[in-house]
Number of protein chains: 2
Amino acid sequence: MQAIDRLIEKINLKNSCVCVGLDPRFVQIPDQVKNPIKKAMGETKESLAQVLVEFNRGILETVEPYVPVVKFQISFYEQYGLSGLQALIESSKIARKIGLEIIIDAKRNDIASTATAYANGYLGKVDVWGQKEPIFDVDSITINPYLGSDGINPFIQVGRENEKGLWVLLKTSNPSSGELQDLSLNTGELVYERLALQLQDLGNQWCGESGYSNLGMVVGATYPEAAAKVRKMLPTTFFLIPGYGAQGAGAAELKPFFNSDGLGGIVNSSRGIIFAAAQSGEDFKSAARRAVIAMRDEINQLRTDRSGRLF
Amino acid sequence: MQAIDRLIEKINLKNSCVCVGLDPRFVQIPDQVKNPIKKAMGETKESLAQVLVEFNRGILETVEPYVPVVKFQISFYEQYGLSGLQALIESSKIARKIGLEIIIDAKRNDIASTATAYANGYLGKVDVWGQKEPIFDVDSITINPYLGSDGINPFIQVGRENEKGLWVLLKTSNPSSGELQDLSLNTGELVYERLALQLQDLGNQWCGESGYSNLGMVVGATYPEAAAKVRKMLPTTFFLIPGYGAQGAGAAELKPFFNSDGLGGIVNSSRGIIFAAAQSGEDFKSAARRAVIAMRDEINQLRTDRSGRLF
């Protein structure tokens with residue numbers, strides 16, 4: 001089954017379009033996870049990586065009934081080098097085993113054979129002495145469009161061959177995203193609007209059975225007016241929506257992202273769920289469960305099915 | 001010493017502004033490197049990684065007298081996962097030991113704490129159970145500007161604290177780079193021209209003793225007219241120049257990149273040097289030596305020192 005159809009199947013199954021971001025900041029991980037590992041393994045990069053895996057395992061098993069998909073921000077693992085990436089691979093295997101779709105938030109970008117190397121590593125298989133081996137083996141990856149279609153086509157090709165998907169940065173959630181993305185063109189369009197049309201041309205050739213494209217786009221919850229515009233322009237595009245919760249956007253900002261079929265977006269929250277216990281002093285898993293259910297319900301209040309009924 | 005001053009010192013010492021790209025495509029590595037490792041270790045990911053290291057060692061020791069700096073394209077290592085990145089780290093240590101400056105071509109991009117994680121991992125130190133440890137420990141990194149200054153400032157901050165540098169993508173060498181970078185704004189500027197000014201504002205606050213900024217920019221050799229424009233706009237910016245050789249640009253295209261002091265750019269060649277033996281059937285090190293000397297001399301024909309004398 002194609003990536004976008006698998007995602008939609010799980011959205012419908014769980015009645016949820018929440019994506020949990022596994023961005024573990026080590027200092028915020030509770031001592032109940034750290035202490036036994038520190039005692040057994042000492043204070044090494046390997047034991048640190050093990051803490052990340054065990055924390056992720058706790059979160060993944062807790063949120064699984066309530067979400068179709070999780071997202072790993074690779075920088076939080078990559079910063080620790082090999083042991084960090086080992087923790088990412090192990091955590092990703094746990095997510096796979098319990099049936100969650102997996103996004104890797106890597107924002108990779110390069111051209112030709114270089115982009116193909118990234119695409120093979122994350123979405124496909126890599127040639128090791130003539131044998132093809134999967135390496136990171138996730139369902140989809142975020143990529144950056146600054147280099148134009150040369151930097152996107154290799155990911156589409158490998159994605160097609162392996163039933164994987166893409167999320168291309170369109171309008172990012174951060175305060176300075178407009179410095180480049182909102183520049184006004186001589187046609188009257190903004191940069192991200194023009195890019196939306198360019199990406200749609202690529203994505204329309206790669207739709208699933210659902211009618212949605214396997215080439216999704218990233219649009220920040222912090223820019224609901226931009227969302228309203230691109231939602232109209234791009235009816236068959238799924239959005240990956242960061243910026244909810246810790247970054248400032250609430251549920252009201254999310255309505256413009258969804259189509260009238262109740263689909264078209266997944267909303268990511270990282271800190272707001274995985275570190276929900278920070279304020280309350282509660283157990284981290286109980287707090288994450290409470291936070292993810294609240295977020296799911298809040299968003300379902302905005303989504304309607306084809307008959308106009310709320311989810 | 002600040003990163004840009006270290007680079008210029010080595011350019012002057014070697015009388016060369018060539019950067020060799022260590023982008024080892026496994027299938028193109030000669031059997032003389034592969035066979036002994038295969039015999040000793042078998043056909044595993046670890047032995048593949050060892051082949052990359054030994055090939056890189058041969059190239060690094062060969063080109064060291066003729067170049068100030070080398071560039072590792074991380075995707076060619078990352079695609080193999082942990083063993084590939086282990087090969088990158090080992091190769092980078094060899095480069096460091098023989099006194100070469102090291103660029104990691106990672107084109108990373110993200111915001112706030114996420115960008116800080118990347119910056120710490122590549123340019124700074126990472127907190128491991130309260131101890132600060134270097135992880136990738138290179139001299140500079142390429143980054144992508146699509147997210148605006150939020151995505152650049154964390155790299156500047158970590159770079160300042162650790163005497164490291166940046167290369168921000170401005171006008172990339174690939175055929176489709178214009179799809180986004182050459183869009184015309186309502187002010188009459190092109191997107192990359194506006195970005196050049198934005199980046200100059202950031203870079204001017206971070207210059208070395210040489211007067212050049214530690215925030216360099218990537219401009220492709222394949223676009224000499226763009227180079228002529230941005231060279232005039234950005235007198236204190238160093239350019240990292242890909243696209244020479246295998247990507248199609250020759251020495252004539254390089255003249256607009258340099259200032260009248262003979263500085264302002266380093267020119268990368270990857271395949272054209274490391275796989276120079278492919279056509280000739282020569283030993284890979286002899287062929288690389290010949291190719292790098294020819295490239296250095298060809299470029300020095302275009303550079304003049306402050307008195308107008310050719311290098």
# chains A, B, ... in the order shown; residues from 1 in each chain; ligands from 1

$ interface_residues --of "chain A" --to "chain B" --cutoff "7 Å" --atoms "only C-alpha atoms" --output "PDB file with C-alpha atoms, in the first residue's frame"
ATOM      1  CA  GLU A  43      27.605   7.782  32.484  1.00  0.00           C
ATOM      2  CA  LYS A  45      27.279   8.030  25.426  1.00  0.00           C
ATOM      3  CA  SER A  75      19.007  16.376  15.153  1.00  0.00           C
ATOM      4  CA  PHE A  76      18.285  15.374  18.753  1.00  0.00           C
ATOM      5  CA  GLN A  79      24.038  15.460  17.839  1.00  0.00           C
ATOM      6  CA  TYR A  80      25.316  12.473  19.871  1.00  0.00           C
ATOM      7  CA  GLY A  81      26.903  10.837  16.825  1.00  0.00           C
ATOM      8  CA  LEU A  82      26.787   7.082  16.386  1.00  0.00           C
ATOM      9  CA  LYS A 107      14.970  18.346   6.261  1.00  0.00           C
ATOM     10  CA  ARG A 108      17.596  16.815   3.945  1.00  0.00           C
ATOM     11  CA  ASN A 109      18.401  18.490   0.648  1.00  0.00           C
ATOM     12  CA  THR A 114      23.772  12.941  -3.450  1.00  0.00           C
ATOM     13  CA  ALA A 117      22.107   8.534  -1.396  1.00  0.00           C
ATOM     14  CA  TYR A 118      19.928  10.216   1.245  1.00  0.00           C
ATOM     15  CA  ASN A 120      18.211   5.238  -0.357  1.00  0.00           C
ATOM     16  CA  GLY A 121      19.431   5.533   3.231  1.00  0.00           C
ATOM     17  CA  VAL A 126      21.617   0.750   0.029  1.00  0.00           C
ATOM     18  CA  VAL A 128      26.477  -3.149   0.460  1.00  0.00           C
ATOM     19  CA  TRP A 129      28.935  -5.245  -1.552  1.00  0.00           C
ATOM     20  CA  ILE A 135      19.340   1.333   6.754  1.00  0.00           C
ATOM     21  CA  TYR A 146      15.653  25.405  -1.838  1.00  0.00           C
ATOM     22  CA  LEU A 147      17.526  23.574  -4.641  1.00  0.00           C
ATOM     23  CA  GLY A 148      14.467  23.117  -6.872  1.00  0.00           C
ATOM     24  CA  SER A 149      13.153  19.932  -8.465  1.00  0.00           C
ATOM     25  CA  ASP A 150      16.653  18.430  -8.901  1.00  0.00           C
ATOM     26  CA  THR A 172       7.548  26.759   8.181  1.00  0.00           C
ATOM     27  CA  SER A 176      11.557  34.238  10.684  1.00  0.00           C
ATOM     28  CA  SER A 177      10.028  31.905   8.073  1.00  0.00           C
ATOM     29  CA  GLU A 179      12.199  36.394   5.512  1.00  0.00           C
ATOM     30  CA  LEU A 180      12.487  34.185   2.445  1.00  0.00           C
ATOM     31  CA  SER A 184       6.598  39.150  -2.877  1.00  0.00           C
ATOM     32  CA  LEU A 185       7.228  38.177  -6.471  1.00  0.00           C
ATOM     33  CA  ASN A 186       6.736  40.415  -9.489  1.00  0.00           C
TER      34      ASN A 186
END

$ select_by_dssp --residues "region 142-295 of chain A" --states "strand (DSSP E or B)" --output "list in words"
Thr142, Ile143, Gly165, Leu166, Trp167, Val168, Leu169, Leu170, Lys171, Ser184, Leu185, Leu190, Cys207, Ser213, Leu215, Gly216, Met217, Val218, Val219, Phe239, Leu240, Ile241, Tyr244, Ala249, Gly265, Ile266, Val267, Asn268 and Ser269 of chain A

$ write_last_selection --atoms "N, CA and C atoms" --output "PDB file, in the first residue's frame"
ATOM      1  N   THR A 142      11.099  14.456   5.833  1.00  0.00           N
ATOM      2  CA  THR A 142      10.943  15.861   5.453  1.00  0.00           C
ATOM      3  C   THR A 142      12.149  16.286   4.620  1.00  0.00           C
ATOM      4  N   ILE A 143      11.895  17.100   3.578  1.00  0.00           N
ATOM      5  CA  ILE A 143      12.993  17.607   2.751  1.00  0.00           C
ATOM      6  C   ILE A 143      12.808  19.103   2.487  1.00  0.00           C
ATOM      7  N   GLY A 165       6.911   8.097   1.507  1.00  0.00           N
ATOM      8  CA  GLY A 165       6.391   9.429   1.224  1.00  0.00           C
ATOM      9  C   GLY A 165       7.355  10.548   1.586  1.00  0.00           C
ATOM     10  N   LEU A 166       6.968  11.762   1.181  1.00  0.00           N
ATOM     11  CA  LEU A 166       7.774  12.964   1.430  1.00  0.00           C
ATOM     12  C   LEU A 166       6.932  14.042   2.075  1.00  0.00           C
ATOM     13  N   TRP A 167       7.599  14.901   2.814  1.00  0.00           N
ATOM     14  CA  TRP A 167       6.997  16.143   3.306  1.00  0.00           C
ATOM     15  C   TRP A 167       7.957  17.264   2.960  1.00  0.00           C
ATOM     16  N   VAL A 168       7.581  18.099   1.984  1.00  0.00           N
ATOM     17  CA  VAL A 168       8.479  19.168   1.548  1.00  0.00           C
ATOM     18  C   VAL A 168       8.147  20.444   2.330  1.00  0.00           C
ATOM     19  N   LEU A 169       9.156  21.107   2.842  1.00  0.00           N
ATOM     20  CA  LEU A 169       8.941  22.366   3.565  1.00  0.00           C
ATOM     21  C   LEU A 169       8.296  23.377   2.636  1.00  0.00           C
ATOM     22  N   LEU A 170       7.167  23.960   3.068  1.00  0.00           N
ATOM     23  CA  LEU A 170       6.518  24.986   2.254  1.00  0.00           C
ATOM     24  C   LEU A 170       6.505  26.294   3.043  1.00  0.00           C
ATOM     25  N   LYS A 171       5.736  26.324   4.136  1.00  0.00           N
ATOM     26  CA  LYS A 171       5.674  27.534   4.984  1.00  0.00           C
ATOM     27  C   LYS A 171       5.941  27.050   6.412  1.00  0.00           C
ATOM     28  N   SER A 184       7.597  38.937  -1.814  1.00  0.00           N
ATOM     29  CA  SER A 184       6.598  39.150  -2.877  1.00  0.00           C
ATOM     30  C   SER A 184       7.252  39.097  -4.246  1.00  0.00           C
ATOM     31  N   LEU A 185       6.699  38.296  -5.111  1.00  0.00           N
ATOM     32  CA  LEU A 185       7.228  38.177  -6.471  1.00  0.00           C
ATOM     33  C   LEU A 185       6.625  39.243  -7.380  1.00  0.00           C
ATOM     34  N   LEU A 190       3.418  35.274  -3.410  1.00  0.00           N
ATOM     35  CA  LEU A 190       4.522  35.152  -2.466  1.00  0.00           C
ATOM     36  C   LEU A 190       5.368  33.935  -2.869  1.00  0.00           C
ATOM     37  N   CYS A 207      -0.091  10.293  -6.780  1.00  0.00           N
ATOM     38  CA  CYS A 207      -1.191  10.188  -5.824  1.00  0.00           C
ATOM     39  C   CYS A 207      -1.479   8.732  -5.474  1.00  0.00           C
ATOM     40  N   SER A 213      -1.835  12.964  -2.473  1.00  0.00           N
ATOM     41  CA  SER A 213      -0.488  12.721  -2.999  1.00  0.00           C
ATOM     42  C   SER A 213       0.455  12.186  -1.920  1.00  0.00           C
ATOM     43  N   LEU A 215       3.398  13.099  -1.942  1.00  0.00           N
ATOM     44  CA  LEU A 215       4.242  14.252  -1.679  1.00  0.00           C
ATOM     45  C   LEU A 215       3.437  15.247  -0.836  1.00  0.00           C
ATOM     46  N   GLY A 216       3.621  15.164   0.477  1.00  0.00           N
ATOM     47  CA  GLY A 216       2.972  16.105   1.387  1.00  0.00           C
ATOM     48  C   GLY A 216       3.822  17.354   1.561  1.00  0.00           C
ATOM     49  N   MET A 217       3.280  18.319   2.296  1.00  0.00           N
ATOM     50  CA  MET A 217       4.038  19.559   2.521  1.00  0.00           C
ATOM     51  C   MET A 217       3.930  19.977   3.980  1.00  0.00           C
ATOM     52  N   VAL A 218       4.940  20.696   4.437  1.00  0.00           N
ATOM     53  CA  VAL A 218       4.973  21.192   5.805  1.00  0.00           C
ATOM     54  C   VAL A 218       4.458  22.623   5.835  1.00  0.00           C
ATOM     55  N   VAL A 219       3.407  22.862   6.616  1.00  0.00           N
ATOM     56  CA  VAL A 219       2.863  24.212   6.795  1.00  0.00           C
ATOM     57  C   VAL A 219       2.622  24.411   8.291  1.00  0.00           C
ATOM     58  N   PHE A 239      -0.972  17.944   4.639  1.00  0.00           N
ATOM     59  CA  PHE A 239      -0.024  18.809   5.335  1.00  0.00           C
ATOM     60  C   PHE A 239       0.488  18.149   6.612  1.00  0.00           C
ATOM     61  N   LEU A 240       1.773  18.289   6.829  1.00  0.00           N
ATOM     62  CA  LEU A 240       2.367  17.985   8.140  1.00  0.00           C
ATOM     63  C   LEU A 240       2.457  19.327   8.851  1.00  0.00           C
ATOM     64  N   ILE A 241       1.808  19.412  10.020  1.00  0.00           N
ATOM     65  CA  ILE A 241       1.571  20.709  10.656  1.00  0.00           C
ATOM     66  C   ILE A 241       2.312  20.800  11.988  1.00  0.00           C
ATOM     67  N   TYR A 244       1.968  23.487  16.817  1.00  0.00           N
ATOM     68  CA  TYR A 244       0.868  23.414  17.775  1.00  0.00           C
ATOM     69  C   TYR A 244       1.457  23.243  19.176  1.00  0.00           C
ATOM     70  N   ALA A 249       0.594  27.783  18.685  1.00  0.00           N
ATOM     71  CA  ALA A 249      -0.713  27.722  18.025  1.00  0.00           C
ATOM     72  C   ALA A 249      -1.662  26.801  18.801  1.00  0.00           C
ATOM     73  N   GLY A 265      -4.512  16.721   6.871  1.00  0.00           N
ATOM     74  CA  GLY A 265      -3.448  17.194   7.745  1.00  0.00           C
ATOM     75  C   GLY A 265      -3.163  16.251   8.897  1.00  0.00           C
ATOM     76  N   ILE A 266      -1.916  16.237   9.338  1.00  0.00           N
ATOM     77  CA  ILE A 266      -1.566  15.646  10.627  1.00  0.00           C
ATOM     78  C   ILE A 266      -0.866  16.735  11.425  1.00  0.00           C
ATOM     79  N   VAL A 267      -1.237  16.809  12.707  1.00  0.00           N
ATOM     80  CA  VAL A 267      -0.762  17.891  13.559  1.00  0.00           C
ATOM     81  C   VAL A 267       0.262  17.333  14.532  1.00  0.00           C
ATOM     82  N   ASN A 268       1.465  17.892  14.478  1.00  0.00           N
ATOM     83  CA  ASN A 268       2.521  17.390  15.357  1.00  0.00           C
ATOM     84  C   ASN A 268       2.577  18.160  16.675  1.00  0.00           C
ATOM     85  N   SER A 269       2.779  17.410  17.751  1.00  0.00           N
ATOM     86  CA  SER A 269       3.166  18.034  19.014  1.00  0.00           C
ATOM     87  C   SER A 269       4.278  17.193  19.614  1.00  0.00           C
TER      88      SER A 269
END

$ residues_around --residues "region 233-236 of chain B" --least-positions-apart "3" --cutoff "7 Å" --atoms "only C-alpha atoms" --output "list of chain:residue names"
B:Gln200, B:Gly211, B:Tyr212, B:Ser213, B:Lys229, B:Val230

$ write_last_selection --atoms "C-alpha atoms" --output "compact mmCIF listing (two decimals), in the first residue's frame"
# COMPACT_ATOMS: atom_id res chain seq x y z
CA GLN B 200 25.58 39.87 4.63
CA GLY B 211 38.33 41.20 7.22
CA TYR B 212 36.49 38.27 5.67
CA SER B 213 33.41 36.90 7.41
CA LYS B 229 26.82 40.15 -9.15
CA VAL B 230 27.23 38.76 -5.65

$ atom_distance --atom1 "CA of Thr222 (chain A)" --atom2 "CA of Gly243 (chain A)"
5.8 Å

$ closest_residue --among "B:Phe284, B:Ile299, B:Glu193, B:Ile293" --to "Gln28 (chain B)" --atoms "only C-alpha atoms"
B:Phe284

$ residues_around --residues "Ala291 (chain B)" --least-positions-apart "5" --cutoff "12 Å" --atoms "only C-alpha atoms" --output "number ranges by chain"
B: 18, 20, 59, 62-63, 66-67, 245, 269-280, 282, 284-286, 296-298

$ residues_around --residues "Ile104 (chain B)" --least-positions-apart "3" --cutoff "6 Å" --atoms "only C-alpha atoms" --output "ChimeraX atom specification"
/B:71-72,141

$ select_by_dssp --residues "region 243-311 of chain A" --states "helix (DSSP H, G or I)" --output "count of residues only"
35

$ residues_around --residues "region 92-94 of chain B" --least-positions-apart "4" --cutoff "7 Å" --atoms "only C-alpha atoms" --output "list in words"
Arg57, Leu88 and Ile98 of chain B

$ write_last_selection --atoms "N, CA and C atoms" --output "short mmCIF file (atom, residue, chain, number, x, y, z; two decimals), in the first residue's frame"
data_model
loop_
_atom_site.label_atom_id
_atom_site.label_comp_id
_atom_site.auth_asym_id
_atom_site.auth_seq_id
_atom_site.Cartn_x
_atom_site.Cartn_y
_atom_site.Cartn_z
N ARG B 57 42.11 7.92 3.12
CA ARG B 57 43.46 8.12 3.64
C ARG B 57 44.44 8.32 2.46
N LEU B 88 33.22 8.36 8.27
CA LEU B 88 33.36 9.82 8.15
C LEU B 88 34.19 10.38 9.30
N ILE B 98 46.67 15.69 9.60
CA ILE B 98 47.65 16.19 8.63
C ILE B 98 47.46 17.67 8.32
#

$ atom_distance --atom1 "CA of Asn12 (chain A)" --atom2 "CA of Gly264 (chain A)"
12.2 Å

$ atom_distance --atom1 "CA of Val51 (chain A)" --atom2 "CA of Pro24 (chain A)"
9.6 Å

$ residues_around --residues "region 252-259 of chain B" --least-positions-apart "6" --cutoff "7 Å" --atoms "only C-alpha atoms" --output "JSON list (two decimals) with N, CA and C atoms, in the first residue's frame"
[["chain", "number", "residue", "atom", "x", "y", "z"],
["B", 221, "ALA", "N", 29.89, 27.30, -9.51],
["B", 221, "ALA", "CA", 30.74, 27.71, -10.63],
["B", 221, "ALA", "C", 29.97, 27.74, -11.94],
["B", 224, "PRO", "N", 28.41, 31.87, -13.46],
["B", 224, "PRO", "CA", 29.40, 32.95, -13.33],
["B", 224, "PRO", "C", 28.78, 34.35, -13.33],
["B", 227, "ALA", "N", 27.72, 34.97, -9.93],
["B", 227, "ALA", "CA", 28.93, 35.19, -9.12],
["B", 227, "ALA", "C", 29.41, 36.63, -9.25],
["B", 228, "ALA", "N", 29.42, 37.14, -10.48],
["B", 228, "ALA", "CA", 29.90, 38.51, -10.70],
["B", 228, "ALA", "C", 29.04, 39.50, -9.90],
["B", 231, "ARG", "N", 29.64, 38.88, -6.04],
["B", 231, "ARG", "CA", 31.02, 39.27, -5.68],
["B", 231, "ARG", "C", 31.06, 40.78, -5.40],
["B", 265, "GLY", "N", 37.41, 32.94, -2.49],
["B", 265, "GLY", "CA", 36.74, 31.71, -2.90],
["B", 265, "GLY", "C", 37.60, 30.48, -2.72],
["B", 302, "LEU", "N", 44.16, 32.59, -12.69],
["B", 302, "LEU", "CA", 43.09, 33.60, -12.68],
["B", 302, "LEU", "C", 43.19, 34.53, -11.49],
["B", 303, "ARG", "N", 43.95, 34.11, -10.48],
["B", 303, "ARG", "CA", 44.02, 34.91, -9.26],
["B", 303, "ARG", "C", 45.23, 35.82, -9.32]]

$ decode --residues "region 74-104 of chain A" --atoms "N, CA and C atoms" --output "PDB file, in the first residue's frame"
ATOM      1  N   ILE A  74      15.583  14.214  13.828  1.00  0.00           N
ATOM      2  CA  ILE A  74      16.868  13.501  13.837  1.00  0.00           C
ATOM      3  C   ILE A  74      17.976  14.280  14.529  1.00  0.00           C
ATOM      4  N   SER A  75      17.898  15.611  14.563  1.00  0.00           N
ATOM      5  CA  SER A  75      19.007  16.376  15.153  1.00  0.00           C
ATOM      6  C   SER A  75      19.227  16.030  16.622  1.00  0.00           C
ATOM      7  N   PHE A  76      18.141  15.685  17.327  1.00  0.00           N
ATOM      8  CA  PHE A  76      18.285  15.374  18.753  1.00  0.00           C
ATOM      9  C   PHE A  76      19.031  14.052  18.975  1.00  0.00           C
ATOM     10  N   TYR A  77      19.120  13.235  17.932  1.00  0.00           N
ATOM     11  CA  TYR A  77      19.861  11.974  17.991  1.00  0.00           C
ATOM     12  C   TYR A  77      21.255  12.149  17.365  1.00  0.00           C
ATOM     13  N   GLU A  78      21.247  12.760  16.187  1.00  0.00           N
ATOM     14  CA  GLU A  78      22.480  12.971  15.425  1.00  0.00           C
ATOM     15  C   GLU A  78      23.523  13.757  16.215  1.00  0.00           C
ATOM     16  N   GLN A  79      23.082  14.657  17.080  1.00  0.00           N
ATOM     17  CA  GLN A  79      24.038  15.460  17.839  1.00  0.00           C
ATOM     18  C   GLN A  79      24.953  14.589  18.703  1.00  0.00           C
ATOM     19  N   TYR A  80      24.486  13.375  19.066  1.00  0.00           N
ATOM     20  CA  TYR A  80      25.316  12.473  19.871  1.00  0.00           C
ATOM     21  C   TYR A  80      26.133  11.517  19.012  1.00  0.00           C
ATOM     22  N   GLY A  81      26.108  11.696  17.705  1.00  0.00           N
ATOM     23  CA  GLY A  81      26.903  10.837  16.825  1.00  0.00           C
ATOM     24  C   GLY A  81      26.329   9.434  16.728  1.00  0.00           C
ATOM     25  N   LEU A  82      27.220   8.454  16.676  1.00  0.00           N
ATOM     26  CA  LEU A  82      26.787   7.082  16.386  1.00  0.00           C
ATOM     27  C   LEU A  82      25.825   6.536  17.430  1.00  0.00           C
ATOM     28  N   SER A  83      26.101   6.773  18.721  1.00  0.00           N
ATOM     29  CA  SER A  83      25.207   6.177  19.720  1.00  0.00           C
ATOM     30  C   SER A  83      23.839   6.833  19.659  1.00  0.00           C
ATOM     31  N   GLY A  84      23.791   8.116  19.350  1.00  0.00           N
ATOM     32  CA  GLY A  84      22.502   8.784  19.196  1.00  0.00           C
ATOM     33  C   GLY A  84      21.705   8.208  18.042  1.00  0.00           C
ATOM     34  N   LEU A  85      22.373   7.972  16.928  1.00  0.00           N
ATOM     35  CA  LEU A  85      21.658   7.432  15.760  1.00  0.00           C
ATOM     36  C   LEU A  85      21.264   5.967  15.987  1.00  0.00           C
ATOM     37  N   GLN A  86      22.069   5.252  16.763  1.00  0.00           N
ATOM     38  CA  GLN A  86      21.680   3.889  17.148  1.00  0.00           C
ATOM     39  C   GLN A  86      20.360   3.940  17.949  1.00  0.00           C
ATOM     40  N   ALA A  87      20.247   4.930  18.833  1.00  0.00           N
ATOM     41  CA  ALA A  87      19.016   5.085  19.618  1.00  0.00           C
ATOM     42  C   ALA A  87      17.826   5.397  18.712  1.00  0.00           C
ATOM     43  N   LEU A  88      18.069   6.196  17.688  1.00  0.00           N
ATOM     44  CA  LEU A  88      17.001   6.510  16.728  1.00  0.00           C
ATOM     45  C   LEU A  88      16.541   5.243  16.004  1.00  0.00           C
ATOM     46  N   ILE A  89      17.500   4.461  15.541  1.00  0.00           N
ATOM     47  CA  ILE A  89      17.156   3.245  14.792  1.00  0.00           C
ATOM     48  C   ILE A  89      16.384   2.271  15.703  1.00  0.00           C
ATOM     49  N   GLU A  90      16.832   2.119  16.930  1.00  0.00           N
ATOM     50  CA  GLU A  90      16.125   1.207  17.853  1.00  0.00           C
ATOM     51  C   GLU A  90      14.728   1.713  18.177  1.00  0.00           C
ATOM     52  N   SER A  91      14.613   3.017  18.400  1.00  0.00           N
ATOM     53  CA  SER A  91      13.299   3.586  18.722  1.00  0.00           C
ATOM     54  C   SER A  91      12.347   3.424  17.544  1.00  0.00           C
ATOM     55  N   SER A  92      12.897   3.615  16.358  1.00  0.00           N
ATOM     56  CA  SER A  92      12.097   3.501  15.152  1.00  0.00           C
ATOM     57  C   SER A  92      11.604   2.055  14.976  1.00  0.00           C
ATOM     58  N   LYS A  93      12.430   1.093  15.353  1.00  0.00           N
ATOM     59  CA  LYS A  93      12.001  -0.309  15.272  1.00  0.00           C
ATOM     60  C   LYS A  93      10.858  -0.602  16.240  1.00  0.00           C
ATOM     61  N   ILE A  94      10.896   0.022  17.403  1.00  0.00           N
ATOM     62  CA  ILE A  94       9.784  -0.145  18.360  1.00  0.00           C
ATOM     63  C   ILE A  94       8.503   0.421  17.753  1.00  0.00           C
ATOM     64  N   ALA A  95       8.600   1.610  17.176  1.00  0.00           N
ATOM     65  CA  ALA A  95       7.421   2.238  16.559  1.00  0.00           C
ATOM     66  C   ALA A  95       6.862   1.372  15.436  1.00  0.00           C
ATOM     67  N   ARG A  96       7.759   0.825  14.626  1.00  0.00           N
ATOM     68  CA  ARG A  96       7.351  -0.042  13.515  1.00  0.00           C
ATOM     69  C   ARG A  96       6.616  -1.270  14.054  1.00  0.00           C
ATOM     70  N   LYS A  97       7.175  -1.858  15.097  1.00  0.00           N
ATOM     71  CA  LYS A  97       6.636  -3.115  15.640  1.00  0.00           C
ATOM     72  C   LYS A  97       5.219  -2.926  16.176  1.00  0.00           C
ATOM     73  N   ILE A  98       4.936  -1.767  16.766  1.00  0.00           N
ATOM     74  CA  ILE A  98       3.588  -1.567  17.300  1.00  0.00           C
ATOM     75  C   ILE A  98       2.672  -0.906  16.277  1.00  0.00           C
ATOM     76  N   GLY A  99       3.136  -0.803  15.032  1.00  0.00           N
ATOM     77  CA  GLY A  99       2.229  -0.438  13.942  1.00  0.00           C
ATOM     78  C   GLY A  99       2.041   1.041  13.682  1.00  0.00           C
ATOM     79  N   LEU A 100       2.952   1.863  14.177  1.00  0.00           N
ATOM     80  CA  LEU A 100       2.849   3.295  13.894  1.00  0.00           C
ATOM     81  C   LEU A 100       3.581   3.653  12.600  1.00  0.00           C
ATOM     82  N   GLU A 101       3.046   4.605  11.845  1.00  0.00           N
ATOM     83  CA  GLU A 101       3.787   5.175  10.726  1.00  0.00           C
ATOM     84  C   GLU A 101       4.911   6.047  11.291  1.00  0.00           C
ATOM     85  N   ILE A 102       6.019   6.108  10.550  1.00  0.00           N
ATOM     86  CA  ILE A 102       7.217   6.786  11.058  1.00  0.00           C
ATOM     87  C   ILE A 102       7.687   7.859  10.072  1.00  0.00           C
ATOM     88  N   ILE A 103       7.722   9.100  10.584  1.00  0.00           N
ATOM     89  CA  ILE A 103       8.308  10.208   9.811  1.00  0.00           C
ATOM     90  C   ILE A 103       9.672  10.521  10.402  1.00  0.00           C
ATOM     91  N   ILE A 104      10.659  10.714   9.555  1.00  0.00           N
ATOM     92  CA  ILE A 104      11.926  11.228  10.051  1.00  0.00           C
ATOM     93  C   ILE A 104      12.031  12.689   9.615  1.00  0.00           C
TER      94      ILE A 104
END
